[in-house]
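> Dumping the structure here so I can ask a few things about it.
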Amino acid sequence: MPIKSILAAAGLNFPLRPYSVIATPFRALLAFALLSIPATVLLTKPRRTLSAHSPSRDPFQTRPATTNKMPTKKKIAIMTSGGDSPGMNGVVRACVRMAIHLGCDAYCIYEGYEGLVQGGKLIRKMQWNDVRGWLSEGGTLIGTARCMAFYERPGRLAAARNLIKEGIDALIICGGDGSLTGADRFRAEWPSLIEDLENNGEFSKKELDPYRHLNIVGLVGSIDNDLSGTDATIGCYSALSRICHAVDLIEATASSHSRAFVVEVMGRHCGWLALMAGVATGADFIFIPEKPREDNWREEMCNIVEHHRKIGKRKTIVIIAEGALDREGNRITPEMVRDLLADKDGLGLDTRITTLGHVQRGGTAVAYDRMLATLQGVEAVKAVLEATPETPTCVIAINENKIVRKPLMEAVLDTKKVAKAIESQDFDLAMSLRDTEFSEQYRSFMMTTAVQVNERMLLPEKERMRIGFVNVGAPAGGMNAAVRAGVAYCLSRGHEPLAIYNGFAGFARHHGDHPLGAVRPFDWLEVDGWASKGGSEIGTNRELPAESGMETIANLIEEYKFDALFLIGGFEAFHAVSQLRKARDQYPSLCIPMTLLPATISNNVPGTEYSLGSDTCLNELVEYCDKIKQSASATRRRVFVIETQGGRSGYVATLGGLGVGASAVYTPEEGVSLEMLAADVRHLKNVFAHDKGQSRAGRLILINEKASKVYNARLIAEILREEAHGRFESREGIPGHMQQGGVPSPMDRCRAVRLAIRCIQHLEQFGCNVHNKVKNDPMSATVIGIKGASVVFTPVTKVEEEETDWPNRRPKAAFWLGMKEIVDVLGGRPKYEVPESDLTGTKAKDVKRGIEGY
């Protein structure tokens with residue numbers, strides 16, 4: 001069959017001229033690839049398809065989806081209320097597009113409850129393209145405003161009237177607990193409001209019959225992360241990012257002038273922002289409402305700050321929540337803290353106050369908040385359509401990496417219990433009402449800020465260990481924060497932490513170098529400043545112990561008398577622990593406890609759903625794509641094909657696509673085929689053909705670096721450019737190692753501290769000289785991971801056998817795989833051919849020889 005006919009059948013019209021093939025190597029490569037494929041393969045009917053316009057499977061559903069029972073046409077309104085938070089626009093975009101995808105009409109209520117009461121032009125029907133580009137916008141583009149009228153029944157009656165005028169009986173609200181409480185009350189009153197409208201003669205019974213019930217779903221948009229029952233609220237990590245960035249900048253001037261700074265952050269009844277900022281930045285002291293210091297807080301703070309100054313620290317950072325209290329319930333103000341630090345009869349520090357204020361709310365959402373807003377928005381539409389008159393008003397939350405529905409008022413009441421406990425000075429109850437991570441992060445902060453201050457924490461001499469710290473693999477954000485936290489814990493307990501510089505390669509070949517060998521003790525004054533540093537201060541290397549020489553490594557472990565090893569790194573680090581464990585029978589010196597803290601931007605380490613560095617990577621990628629998309633939109637009709645890192649794991653590409661609103665995402669798990677490319681080419685041509693001059697018309701496609709052996713970012717961009725025939729442009733973009741990030745994200749820093757301390761505590765349980773015990777204990781070689789809402793240690797033996805896809809260097813199962821379908825749905829991507837999996841080994845040979853069926 002002529003190659004031109006094959007190309008035409010696949011939907012690709014390449015001019016086949018000899019000189020063009022010679023002039024354009026990429027066309028030559030494509031032509032070669034096509035000529036190598038049998039015509040029957042290109043023209044075979046689809047075996048499997050994925051439709052982005054059919055009801056999607058939701059991997060986060062807590063019960064079976066019932067979308068097939070949904071009404072054929074329904075009008076859903078979306079509004080934002082209360083204080084704005086980054087990510088609200090992502091909620092609106094997801095709700096509007098998911099509603100349209102499911103065959104509903106989508107409306108936006110502008111100016112919050114005020115728009116609901118006023119009605120008219122403030123309630124607007126939305127189209128698919130109306131929310132284009134909203135993911136990268138800060139605040140809320142549909143506005144929010146206080147509405148005193150809604151507190152009164154006449155105001156709520158007017159709101160009901162306006163909804164019925166527009167034919168709306170389903171409402172999605174994104175706001176704080178006050179806004180959501182008002183929404184639940186509105187729903188409870190709805191039958192009586194309908195009755196009033198009928199009695200007043202404004203509507204007939206027949207007109208009101210379709211609107212006897214109002215379905216409401218809430219989403220929590222709050223920078224304080226103060227709602228009980230959810231791991232995070234929309235906007236909290238963006239606000240934390242603003243705070244940490246500000247503190248990082250302040251530290252430079254504080255160190256230069258040897259000053260102290262008191263930084264006030266938001267949080268009247270919730271100290272989450274102050275606590276996490278303290279952990280992430282390595283602050284000297286924090287004040288939060290839930291956990292006031294003891295009666296002598298002044299003496300406690302001065303002792304810690306004085307100790308830090310005596311060991312040579314030039315800066316002092318104190319972070320205080322706006323709702324900070326003492327044990328008697330009296331407010332602690334930044335001015336009180338400043339005066340204490342500056343007291344000439346005390347510390348006498350040059351002290352300044354910085355109140356961040358509304359800077360914390362501003363700016364675009366970070367990658368996590370965009371992901372959270374999008375997934376929760378999709379679930380909110382499904383929930384509001386599936387709701388019945390008997391269904392309690394629900395709020396969409398995230399628990400255990402799953403989007404779930406919870407009773408709204410139950411969550412609100414639990415939240416109010418915290419404020420009441422603080423008011424009644426029952427601070428132990430207030431802390432217990434927060435989630436486990438909150439309490440654990442508080443203990444982690446106290447551990448890292450009071451290093452060598454509390455001698456009661458020291459272990460007896462015979463129980464103290466020599467623990468080696470080694471980074472393996474590529475650098476990742478949070479590695480230094482993890483080392484700092486681990487060293488802090490070791491010093492507080494009396495252990496001796498030792499740095500193994502430049503991985504196993506440095507250990508094997510440079511351990512004895514002079515004047516500085518690869519194995520040396522940590523200097524706490526230096527390490528204390530690593531909290532916000534990217535990369536790896538002790539170096540890292542991909543070389544495995546077997547490559548360095550297992551016998552050499554074993555002898556060195558014995559020579560330096562290591563009692564335990566703490567490894568931080570990616571898949572190479574996991575492989576290293578596996579090799580060391582397997583070599584124990586041959587080398588008894590390897591019978592020491594060892595644990596791995598996963599740290600890689602690829603998030604491909606088995607045994608955990610999260611790796612340090614992955615959040616930093618996504619933030620860098622999203623920021624890069626936002627700038628690229630701005631360029632694409634400025635020229636209107638342009639497509640950028642962005643190549644992401646990630647090895648054989650599509651995590652970065654998929655989550656990045658979710659955060660930037662990509663038109664298509666190509667991953668190694670799914671692969672790339674000619675049919676898929678042809679479908680996407682046709683889609684883009686159709687999109688630009690119907691573009692009537694709207695702004696934000698640029699498009700992004702994300703492809704993982706190993707999604708295909710043939711189709712890379714540059715080749716796909718060439719295909720798009722060729723098929724556009726001058727109607728639109730395409731470019732490729734490769735952010736490369738920029739994705740490894742500069743300053744680690746607050747999430748990576750906070751989790752690094754929490755997990756590193758857990759790792760040292762785990763190693764500490766084994767003690768010294770326990771070779772026989774270690775050899776027979778599977779928990780002596782482990783991977784720490786976040787699985788669901790729990791932090792767990794999993795034996796490496798179990799991870800090796802049950803959870804690892806060794807050929808592809810990734811886990812066998814991943815919680816995020818179902819998110820790709822949501823990317824396709826919200827990006828408007830049409831159905832496409834799912835590529836066939838590659839045949840390997842004997843089966844591939846038999847099929848090629850015709851011995852086995854095709």
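To be explicit about the labels: the chains of the structure tokens are called A, B, and onward in the order shown, and within each one the residues are counted from 1, while ligands get numbers from 1 in the order they are shown.
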Do you know which residues are at most 10 Å from segment 376-380 of chain A counting only C-alpha atoms, after dropping those on the same chain fewer than 5 positions away, and could you put them as number ranges by chain?

A: 58, 60-61, 78, 88, 90-99, 171-174, 216-220, 234, 370-371, 385-386, 394-398, 402-405, 822, 826

> Which residues in segment 598-804 of chain A does DSSP call alpha helix (DSSP H)? List them as an MDAnalysis selection string.

chainID A and resid 614:634 651:660 674:689 713:724 746:764 771:775 796:798

> Which residues, written as a PDB file with N, CA and C atoms, in the first residue's frame, have at least one atom at most 12 Å from Thr253 of chain A, with only C-alpha atoms counted and residues fewer than 6 positions away on the same chain left out?


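Written output follows (result-v9.pdb):
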```pdb
ATOM      1  N   ALA A 246       8.765  34.794  52.265  1.00  0.00           N
ATOM      2  CA  ALA A 246       9.050  36.046  52.959  1.00  0.00           C
ATOM      3  C   ALA A 246      10.087  35.841  54.068  1.00  0.00           C
ATOM      4  N   VAL A 247       9.933  34.777  54.839  1.00  0.00           N
ATOM      5  CA  VAL A 247      10.881  34.508  55.931  1.00  0.00           C
ATOM      6  C   VAL A 247      12.265  34.204  55.376  1.00  0.00           C
ATOM      7  N   ARG A 259      20.345  40.560  63.447  1.00  0.00           N
ATOM      8  CA  ARG A 259      19.096  41.058  64.015  1.00  0.00           C
ATOM      9  C   ARG A 259      18.145  39.924  64.376  1.00  0.00           C
ATOM     10  N   ALA A 260      17.097  40.306  65.095  1.00  0.00           N
ATOM     11  CA  ALA A 260      15.982  39.410  65.370  1.00  0.00           C
ATOM     12  C   ALA A 260      14.754  39.963  64.674  1.00  0.00           C
ATOM     13  N   PHE A 261      13.934  39.079  64.130  1.00  0.00           N
ATOM     14  CA  PHE A 261      12.693  39.484  63.478  1.00  0.00           C
ATOM     15  C   PHE A 261      11.528  38.720  64.086  1.00  0.00           C
ATOM     16  N   ARG A 314      23.685  33.969  63.971  1.00  0.00           N
ATOM     17  CA  ARG A 314      23.631  35.424  63.812  1.00  0.00           C
ATOM     18  C   ARG A 314      22.210  35.965  63.628  1.00  0.00           C
ATOM     19  N   LYS A 315      21.247  35.099  63.436  1.00  0.00           N
ATOM     20  CA  LYS A 315      19.883  35.574  63.184  1.00  0.00           C
ATOM     21  C   LYS A 315      18.925  34.910  64.155  1.00  0.00           C
ATOM     22  N   THR A 316      17.826  35.605  64.421  1.00  0.00           N
ATOM     23  CA  THR A 316      16.774  35.063  65.281  1.00  0.00           C
ATOM     24  C   THR A 316      15.432  35.344  64.612  1.00  0.00           C
ATOM     25  N   ILE A 317      14.661  34.279  64.395  1.00  0.00           N
ATOM     26  CA  ILE A 317      13.346  34.408  63.772  1.00  0.00           C
ATOM     27  C   ILE A 317      12.291  33.846  64.727  1.00  0.00           C
ATOM     28  N   ASP A 350      18.815  43.746  68.360  1.00  0.00           N
ATOM     29  CA  ASP A 350      18.175  44.705  67.439  1.00  0.00           C
ATOM     30  C   ASP A 350      17.005  43.978  66.776  1.00  0.00           C
ATOM     31  N   THR A 351      15.787  44.305  67.168  1.00  0.00           N
ATOM     32  CA  THR A 351      14.616  43.505  66.799  1.00  0.00           C
ATOM     33  C   THR A 351      13.618  44.314  65.984  1.00  0.00           C
ATOM     34  N   ARG A 352      13.100  43.704  64.935  1.00  0.00           N
ATOM     35  CA  ARG A 352      12.101  44.344  64.071  1.00  0.00           C
ATOM     36  C   ARG A 352      10.860  43.459  63.968  1.00  0.00           C
TER      37      ARG A 352
END
```

> So which one's closest to Val743 of chain A, A:Ser589, A:Asn162, A:Thr616, A:Asn541? Using only C-alpha atoms, please.

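Closest to Val743 of chain A of all the choices is A:Thr616.
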
> For a quick check of understanding, using only C-alpha atoms, which of A:Gln579, A:Phe562, A:Ala573, A:His307 has the smallest distance to Ala546 of chain A?

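Going through A:Gln579, A:Phe562, A:Ala573, A:His307 one by one, the smallest distance to Ala546 of chain A is for A:Gln579.
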
> Quick one: of A:Trp134, A:Pro807, A:His683, A:Phe522, who's nearest to Thr840 of chain A, counting only C-alpha atoms?

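Checking each of A:Trp134, A:Pro807, A:His683, A:Phe522 against Thr840 of chain A, counting only C-alpha atoms, the winner is A:Pro807.
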
> From the set A:Ser663, A:Asn471, A:Ser837, A:Thr608, which residue has the shortest atom-to-atom contact distance to Thr540 of chain A, counting only C-alpha atoms?

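Closest to Thr540 of chain A, using only C-alpha atoms: A:Asn471.
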
> I'd like the neighbourhood of Arg509 of chain A as a ChimeraX atom specification, where a residue qualifies if any of its atoms comes within 10 Å (using only C-alpha atoms), though same-chain residues fewer than 3 positions away should be ignored.

/A:504-506,512-513,517-518,548,552-553
